[in-house]
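Listing of final33.cif, mmCIF, C-alpha atoms
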data_my_file
#
loop_
_atom_site.label_atom_id
_atom_site.label_comp_id
_atom_site.auth_asym_id
_atom_site.auth_seq_id
_atom_site.Cartn_x
_atom_site.Cartn_y
_atom_site.Cartn_z
CA MET A 1 5.98 -27.61 -37.17
CA VAL A 2 4.35 -25.83 -40.09
CA LYS A 3 6.11 -24.80 -43.28
CA PHE A 4 4.51 -22.61 -45.92
CA PHE A 5 5.31 -19.96 -48.51
CA ASP A 6 5.20 -16.34 -47.37
CA PRO A 7 3.93 -14.21 -50.28
CA ILE A 8 5.19 -11.07 -48.52
CA THR A 9 8.86 -12.05 -48.16
CA LYS A 10 8.79 -14.59 -51.05
CA GLU A 11 10.41 -17.13 -48.73
CA GLU A 12 9.47 -20.33 -46.94
CA ILE A 13 8.51 -19.77 -43.31
CA THR A 14 8.69 -22.41 -40.56
CA TYR A 15 7.57 -22.39 -36.94
CA TYR A 16 5.71 -24.47 -34.37
CA ILE A 17 1.94 -24.59 -33.99
CA ALA A 18 0.47 -26.92 -31.38
CA PRO A 19 -1.01 -30.17 -32.79
CA ASN A 20 -4.39 -29.54 -31.13
CA LEU A 21 -4.75 -26.27 -33.09
CA LEU A 22 -3.62 -27.39 -36.54
CA PRO A 23 -6.74 -29.39 -37.53
CA GLN A 24 -8.95 -26.45 -36.50
CA TRP A 25 -6.91 -23.96 -38.53
CA ASP A 26 -6.71 -26.28 -41.55
CA ASN A 27 -10.53 -26.34 -41.64
CA LEU A 28 -10.58 -22.54 -41.97
CA LYS A 29 -7.61 -21.57 -44.16
CA ASP A 30 -7.19 -21.58 -47.95
CA GLY A 31 -10.69 -20.26 -48.57
CA LYS A 32 -12.53 -22.93 -46.54
CA LEU A 33 -14.03 -20.34 -44.17
CA GLN A 34 -15.34 -18.37 -47.15
CA LYS A 35 -17.00 -21.49 -48.56
CA GLN A 36 -18.72 -21.89 -45.19
CA ASP A 37 -19.75 -18.21 -45.45
CA GLU A 38 -18.76 -17.58 -41.83
CA ASP A 39 -16.31 -15.47 -39.86
CA ARG A 40 -14.33 -16.05 -36.68
CA VAL A 41 -13.50 -13.89 -33.66
CA TYR A 42 -10.80 -15.03 -31.23
CA ILE A 43 -9.65 -13.39 -28.01
CA THR A 44 -6.10 -13.75 -26.73
CA ASP A 45 -5.34 -12.53 -23.23
CA GLY A 46 -2.57 -12.85 -20.67
CA ARG A 47 -0.26 -10.89 -18.44
CA GLU A 48 2.45 -8.55 -19.68
CA ARG A 49 5.34 -10.33 -21.46
CA ALA A 50 3.60 -13.71 -21.39
CA GLY A 51 3.78 -13.81 -25.19
CA LYS A 52 0.14 -13.23 -26.16
CA SER A 53 0.99 -11.01 -29.14
CA LEU A 54 3.57 -13.47 -30.48
CA PHE A 55 1.15 -16.39 -30.16
CA THR A 56 -1.57 -14.45 -31.97
CA LEU A 57 0.67 -13.32 -34.82
CA GLN A 58 1.76 -16.92 -35.39
CA GLN A 59 -1.83 -18.15 -35.66
CA ALA A 60 -2.92 -15.25 -37.88
CA LYS A 61 -0.02 -15.75 -40.30
CA TYR A 62 -0.70 -19.46 -40.67
CA LEU A 63 -4.41 -18.88 -41.25
CA ASP A 64 -3.71 -16.11 -43.76
CA PRO A 65 -0.22 -16.12 -45.37
CA THR A 66 -0.90 -12.63 -46.81
CA PHE A 67 -1.17 -11.28 -43.25
CA ASP A 68 1.42 -8.56 -42.62
CA ILE A 69 2.14 -5.55 -40.41
CA SER A 70 -0.57 -3.47 -42.11
CA ARG A 71 -3.24 -5.73 -40.59
CA VAL A 72 -1.82 -5.44 -37.07
CA CYS A 73 -3.89 -2.69 -35.47
CA PHE A 74 -2.95 -0.75 -32.35
CA THR A 75 -5.69 1.88 -32.38
CA PRO A 76 -9.49 1.71 -32.70
CA GLU A 77 -9.27 3.74 -35.90
CA GLU A 78 -6.84 1.29 -37.52
CA PHE A 79 -9.00 -1.64 -36.45
CA LEU A 80 -12.18 -0.24 -37.99
CA PHE A 81 -10.31 0.67 -41.18
CA GLN A 82 -9.08 -2.89 -41.62
CA ILE A 83 -12.47 -4.40 -40.85
CA ARG A 84 -13.96 -2.25 -43.60
CA ASN A 85 -11.16 -2.47 -46.17
CA ALA A 86 -9.21 -5.72 -45.79
CA PRO A 87 -9.83 -8.33 -48.50
CA ALA A 88 -12.45 -10.98 -47.79
CA GLY A 89 -11.05 -13.90 -45.78
CA SER A 90 -8.25 -11.83 -44.25
CA ALA A 91 -6.84 -12.22 -40.76
CA ILE A 92 -6.79 -9.03 -38.66
CA VAL A 93 -5.19 -8.51 -35.25
CA PHE A 94 -6.23 -5.77 -32.81
CA ASP A 95 -3.11 -5.91 -30.64
CA GLU A 96 -2.89 -4.63 -27.04
CA ALA A 97 -6.46 -3.35 -27.30
CA PHE A 98 -6.50 -1.83 -23.80
CA ARG A 99 -2.86 -1.02 -23.19
CA GLY A 100 -2.49 2.43 -21.67
CA LEU A 101 -6.24 3.05 -21.80
CA SER A 102 -6.94 2.71 -18.11
CA SER A 103 -9.76 5.18 -17.57
CA LYS A 104 -13.37 4.02 -17.82
CA ALA A 105 -13.99 6.49 -20.63
CA SER A 106 -11.11 5.11 -22.69
CA GLN A 107 -12.17 1.52 -22.07
CA SER A 108 -15.68 2.42 -23.17
CA LYS A 109 -14.33 3.88 -26.42
CA VAL A 110 -12.36 0.74 -27.25
CA ASN A 111 -15.29 -1.53 -26.35
CA LYS A 112 -17.63 0.46 -28.56
CA THR A 113 -15.14 0.19 -31.42
CA ILE A 114 -14.85 -3.57 -30.98
CA VAL A 115 -18.61 -4.06 -30.85
CA GLN A 116 -19.05 -1.84 -33.91
CA ALA A 117 -16.41 -3.84 -35.79
CA MET A 118 -18.07 -7.14 -34.86
CA MET A 119 -21.35 -5.86 -36.26
CA GLU A 120 -19.72 -4.58 -39.45
CA MET A 121 -17.84 -7.78 -40.33
CA GLY A 122 -20.86 -8.92 -42.28
CA GLN A 123 -20.17 -11.25 -45.19
CA LYS A 124 -16.42 -10.62 -45.47
CA ASN A 125 -15.54 -13.92 -43.75
CA LEU A 126 -12.78 -12.28 -41.69
CA ILE A 127 -10.71 -13.91 -38.97
CA VAL A 128 -10.24 -11.39 -36.16
CA PHE A 129 -7.98 -11.69 -33.11
CA ILE A 130 -8.38 -9.29 -30.19
CA VAL A 131 -5.35 -9.15 -27.89
CA LEU A 132 -5.64 -7.62 -24.42
CA PRO A 133 -4.51 -8.14 -20.79
CA THR A 134 -7.77 -9.81 -19.70
CA PHE A 135 -10.97 -10.56 -21.59
CA PHE A 136 -12.96 -9.50 -18.51
CA LEU A 137 -12.42 -5.92 -19.72
CA LEU A 138 -14.50 -6.62 -22.82
CA GLU A 139 -18.19 -5.90 -23.14
CA MET A 140 -20.39 -8.99 -22.81
CA TYR A 141 -21.41 -8.92 -26.48
CA ALA A 142 -17.82 -9.22 -27.71
CA ALA A 143 -16.53 -11.49 -24.94
CA VAL A 144 -19.43 -13.91 -24.50
CA LEU A 145 -21.77 -13.73 -27.48
CA ARG A 146 -19.53 -12.89 -30.45
CA ALA A 147 -16.13 -14.43 -29.74
CA ASN A 148 -15.71 -18.08 -30.67
CA VAL A 149 -12.75 -18.97 -28.45
CA LEU A 150 -10.54 -17.47 -25.74
CA PHE A 151 -6.82 -18.28 -25.70
CA HIS A 152 -5.38 -17.54 -22.25
CA ILE A 153 -1.60 -17.15 -22.39
CA TYR A 154 0.56 -17.78 -19.35
CA LYS A 155 3.96 -19.04 -18.23
CA ASP A 156 4.28 -22.30 -16.30
CA ARG A 157 6.50 -22.77 -13.26
CA SER A 158 9.49 -23.35 -15.50
CA GLY A 159 8.90 -20.10 -17.36
CA ARG A 160 7.73 -21.82 -20.55
CA ARG A 161 5.06 -20.13 -22.65
CA ARG A 162 1.76 -21.97 -22.67
CA PHE A 163 -1.89 -21.43 -23.56
CA ARG A 164 -5.30 -22.66 -22.44
CA ILE A 165 -8.24 -22.94 -24.82
CA TYR A 166 -11.66 -21.90 -23.55
CA ASN A 167 -14.32 -22.91 -26.08
CA TYR A 168 -17.54 -20.95 -26.53
CA LYS A 169 -19.34 -22.60 -23.60
CA LYS A 170 -16.43 -22.56 -21.16
CA LYS A 171 -15.55 -19.01 -22.12
CA SER A 172 -19.07 -17.94 -21.16
CA TRP A 173 -18.82 -19.68 -17.80
CA LEU A 174 -15.44 -18.08 -17.17
CA TYR A 175 -16.81 -14.60 -17.88
CA LYS A 176 -19.80 -15.17 -15.59
CA VAL A 177 -17.94 -16.72 -12.65
CA GLY A 178 -14.44 -15.27 -12.99
CA LYS A 179 -15.54 -11.66 -13.22
CA LYS A 180 -17.42 -11.95 -9.92
CA LYS A 181 -14.33 -13.45 -8.28
CA GLY A 182 -12.00 -10.65 -9.31
CA PHE A 183 -10.79 -11.82 -12.73
CA ASP A 184 -10.24 -15.41 -11.59
CA TYR A 185 -9.37 -18.03 -14.26
CA SER A 186 -9.64 -21.11 -12.04
CA PHE A 187 -13.19 -22.09 -13.13
CA PRO A 188 -14.08 -23.84 -15.32
CA ARG A 189 -11.17 -26.26 -15.30
CA ILE A 190 -9.43 -26.83 -18.62
CA SER A 191 -8.33 -30.35 -19.54
CA ARG A 192 -4.75 -31.00 -20.57
CA ARG A 193 -5.75 -31.68 -24.19
CA HIS A 194 -6.98 -28.08 -24.39
CA THR A 195 -3.59 -26.64 -23.48
CA GLY A 196 -0.38 -26.30 -25.43
CA ARG A 197 2.96 -24.61 -25.96
CA PHE A 198 4.39 -22.11 -28.40
CA TYR A 199 7.85 -20.74 -29.12
CA GLY A 200 9.52 -17.41 -29.88
CA VAL A 201 9.62 -17.26 -33.69
CA PHE A 202 8.26 -14.07 -35.24
CA PRO A 203 6.15 -14.82 -38.34
CA ILE A 204 6.27 -11.23 -39.65
CA ASP A 205 9.03 -8.61 -39.72
CA GLU A 206 9.85 -8.07 -36.05
CA LYS A 207 11.51 -4.67 -36.44
CA SER A 208 8.50 -3.23 -38.27
CA TYR A 209 6.15 -4.70 -35.69
CA ARG A 210 8.05 -3.28 -32.71
CA LYS A 211 8.38 0.15 -34.32
CA LYS A 212 4.66 0.34 -35.07
CA LYS A 213 3.86 -0.81 -31.55
CA LEU A 214 6.23 1.70 -29.96
CA ASP A 215 4.82 4.57 -32.03
CA SER A 216 1.28 3.66 -31.01
CA LEU A 217 2.18 3.34 -27.33
CA LYS A 218 3.56 6.88 -27.32
CA GLY A 219 0.07 8.03 -28.19
CA PHE A 220 -1.43 5.75 -25.52
CA GLU A 221 0.92 7.19 -22.89
CA GLN A 222 -0.25 10.71 -23.73
CA ILE A 223 -3.89 9.66 -23.37
CA PHE A 224 -3.11 7.94 -20.07
CA GLU A 225 -1.31 11.01 -18.73
CA GLU A 226 -4.31 13.15 -19.66
CA ASP A 227 -6.74 10.72 -18.03
CA THR A 228 -4.90 10.21 -14.75
CA GLY A 229 -5.47 13.77 -13.62
CA THR A 230 -9.19 13.75 -14.27
CA GLU A 231 -12.02 13.38 -11.83
CA LYS A 232 -13.37 10.47 -13.91
CA PHE A 233 -10.10 8.57 -13.50
CA HIS A 234 -10.03 9.16 -9.74
CA LYS A 235 -13.63 8.00 -9.48
CA ALA A 236 -12.93 4.83 -11.48
CA VAL A 237 -9.87 3.90 -9.41
CA GLY A 238 -11.75 4.82 -6.24
CA GLY A 239 -14.39 2.27 -7.16
CA MET A 240 -11.72 -0.42 -7.59
CA ILE A 241 -10.20 0.47 -4.23
CA LYS A 242 -13.62 0.32 -2.61
CA ALA A 243 -14.25 -3.13 -4.07
CA GLU A 244 -10.91 -4.42 -2.78
CA LYS A 245 -11.57 -2.89 0.66
CA LYS A 246 -14.79 -4.88 0.87
CA ILE A 247 -12.78 -8.07 0.29
CA ASN A 248 -10.03 -7.11 2.72
CA PRO A 249 -10.78 -4.05 4.94
CA LYS A 250 -7.24 -4.10 6.37
CA ILE A 251 -5.42 -4.00 3.05
CA SER A 252 -2.53 -1.51 2.98
CA ASP A 253 -2.02 1.15 0.34
CA LYS A 254 1.23 -0.56 -0.69
CA LYS A 255 -0.62 -3.81 -1.31
CA MET A 256 -3.32 -1.87 -3.13
CA VAL A 257 -0.75 -0.48 -5.59
CA LYS A 258 0.26 -4.05 -6.45
CA ILE A 259 -3.35 -5.22 -6.86
CA LEU A 260 -4.25 -2.29 -9.11
CA LYS A 261 -1.29 -3.12 -11.36
CA GLU A 262 -1.66 -6.92 -11.47
CA LYS A 263 -5.45 -7.20 -11.38
CA TYR A 264 -6.67 -4.04 -13.11
CA PHE A 265 -3.52 -3.25 -15.18
CA ILE A 266 -3.31 0.31 -13.85
CA ASP A 267 -0.08 1.93 -12.64
CA VAL A 268 -0.89 4.27 -9.74
CA SER A 269 1.73 5.56 -7.32
CA LEU A 270 1.53 4.89 -3.58
CA THR A 271 0.91 8.59 -2.97
CA ASN A 272 -1.93 8.75 -5.49
CA VAL A 273 -3.58 5.66 -4.01
CA GLY A 274 -3.73 7.46 -0.67
CA VAL A 275 -5.09 10.63 -2.26
CA ILE A 276 -7.75 8.77 -4.27
CA ARG A 277 -8.73 6.66 -1.26
CA ARG A 278 -9.22 9.77 0.90
CA LYS A 279 -11.18 11.57 -1.83
CA THR A 280 -13.44 8.56 -2.27
CA ARG A 281 -13.99 8.29 1.46
CA GLU A 282 -14.97 11.95 1.62
CA THR A 283 -17.58 11.54 -1.13
CA THR A 284 -19.01 8.13 -0.21
CA GLN A 285 -18.28 7.72 3.49
CA ASN A 286 -18.21 3.99 2.78
CA LEU A 287 -14.52 3.07 2.51
#

Hey, can you dump this file as structure tokens for me?
Amino acid sequence: MVKFFDPITKEEITYYIAPNLLPQWDNLKDGKLQKQDEDRVYITDGRERAGKSLFTLQQAKYLDPTFDISRVCFTPEEFLFQIRNAPAGSAIVFDEAFRGLSSKASQSKVNKTIVQAMMEMGQKNLIVFIVLPTFFLLEMYAAVLRANVLFHIYKDRSGRRRFRIYNYKKKSWLYKVGKKKGFDYSFPRISRRHTGRFYGVFPIDEKSYRKKKLDSLKGFEQIFEEDTGTEKFHKAVGGMIKAEKKINPKISDKKMVKILKEKYFIDVSLTNVGVIRRKTRETTQNL
């Protein structure tokens, strides 16, 4: 357990941080990172409702007690603003970086923003967390070269929230091997001492966080609705379908709907899968 003073609420705050993380964080907080004249970039990924945002907020708040809802970013514009204007040594969270942005064009926009932010961090000694469904969606520069660590959030068989830590070297191997295997996290293996648990205590005002998130997602939904009817969106999904067909030529459209949602984080109806598959077949003659 950690206990520290929250300068925002003017109260003591207490919650659990895994023992294998505490020594690492204690070497960075309270101005130590600034004395080292370095910055840190962390990626947190995991499936929907696994708790990746909660885990990230807990770490950010411990590293920087002045961290509050203003430094939780849900749009590329907010993220760049904080990178440029937050005080030196601040923790910043880009939460749900790809949620609702399922077209290739939208993903490209977010990736460009992230890369730009990484290049602009300069000498501000910031601690940045990027939260998204899977780090395989990130450009190589951000995922492999710039990020220090990947935290993969998941639930064990008992439904308990857990995390795996992929250090710089293992994260690079995961990106190289796992991406080829369809977003597979099985290699490299992570030892038990690089795993841990976390619990459901919000370190910042939960109502403000959920309201800000909901407001941002309304905008994401509008973008998604605009993208889904475009030729670019159909082409992007058609490419995913084609890739899955190569793995399993007999896969049904119903199964494809499930794969698109669980593997690529895209909600496409059964009818639209059939339409996109037929359109792609007509243009490529390869499905």

Worksheet entry | Output of the PyMOL selection byres ((chain A and resi 4-6) around 10), listed as an MDAnalysis selection string | chainID A and resid 2:3 7:15 61:62 64:68 203:204

Practice prompt. Would you list the contacts of Asp95 (chain A) as a ChimeraX atom specification, taking every protein, DNA or RNA residue within 10 Å and counting only C-alpha atoms, but skipping same-chain residues closer than 2 positions in sequence?
Written response: /A:44,52-53,56-57,71-75,79,92-93,97-99,129-132,213

Worksheet entry | Test item: residues at most 10 Å from Gly182 (chain A), all atoms listed in the file, excluding those fewer than 3 positions along its chain, as number ranges by chain | A: 136, 177-179, 185, 243-244, 247, 263-264

First collect every listed atom of region 38-47 of chain A; then fit an axis-aligned box around them, widen it by 4 Å on each side, and give centre and edge lengths in Å to one decimal, as JSON.
{"center_x": -9.5, "center_y": -14.2, "center_z": -30.1, "size_x": 26.5, "size_y": 14.7, "size_z": 31.4}

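Here CA of Thr134 (chain A) and CA of Phe163 (chain A) stand 13.6 Å from one another.
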
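Taking CA of Lys245 (chain A) as the reference point, CA of Lys176 (chain A) is found at 22.0 Å.
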
Worksheet item: Which residues, written as a ChimeraX atom specification, have at least one atom at most 10 Å from Asn111 (chain A), with only C-alpha atoms counted and residues fewer than 3 positions away on the same chain left out?
Response: /A:76,97-98,105-108,114-117,137-142

Discussion item. Quick check on the file I pasted: which residues fall under the PyMOL selection byres ((chain A and resi 192) around 12)? Write them as a VMD selection string.
Written reply: chain A and resid 20 162 to 166 189 to 191 193 to 197

Worksheet entry | Length of the CA of Glu120 (chain A) to CA of Val149 (chain A) vector [Å] | 19.4 Å

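Ranking A:Ala91, A:Gln58, A:Lys254, A:Lys169 by their shortest atom-to-atom distance to Ser269 (chain A), with only C-alpha atoms included, puts A:Lys254 first.
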
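Distances from A:Ile241, A:Val110, A:Ile153, A:Leu54 to Glu78 (chain A) were compared using all atoms listed in the file, and the smallest one belongs to A:Val110.
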
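Comparing A:Phe94, A:Met1, A:Ile127, A:Lys242 by their smallest distance to Val41 (chain A), the closest is A:Ile127 (using all atoms listed in the file).
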
Check which residues satisfy the PyMOL selection byres ((chain A and resi 40) around 8) in the file shown, then give them as a short mmCIF file (atom, residue, chain, number, x, y, z; two decimals) with C-alpha atoms, in the coordinates of the input.
data_model
loop_
_atom_site.label_atom_id
_atom_site.label_comp_id
_atom_site.auth_asym_id
_atom_site.auth_seq_id
_atom_site.Cartn_x
_atom_site.Cartn_y
_atom_site.Cartn_z
CA GLU A 38 -18.76 -17.58 -41.83
CA ASP A 39 -16.31 -15.47 -39.86
CA VAL A 41 -13.50 -13.89 -33.66
CA TYR A 42 -10.80 -15.03 -31.23
CA ASN A 125 -15.54 -13.92 -43.75
CA LEU A 126 -12.78 -12.28 -41.69
CA ILE A 127 -10.71 -13.91 -38.97
CA VAL A 128 -10.24 -11.39 -36.16
CA ALA A 147 -16.13 -14.43 -29.74
CA ASN A 148 -15.71 -18.08 -30.67
#
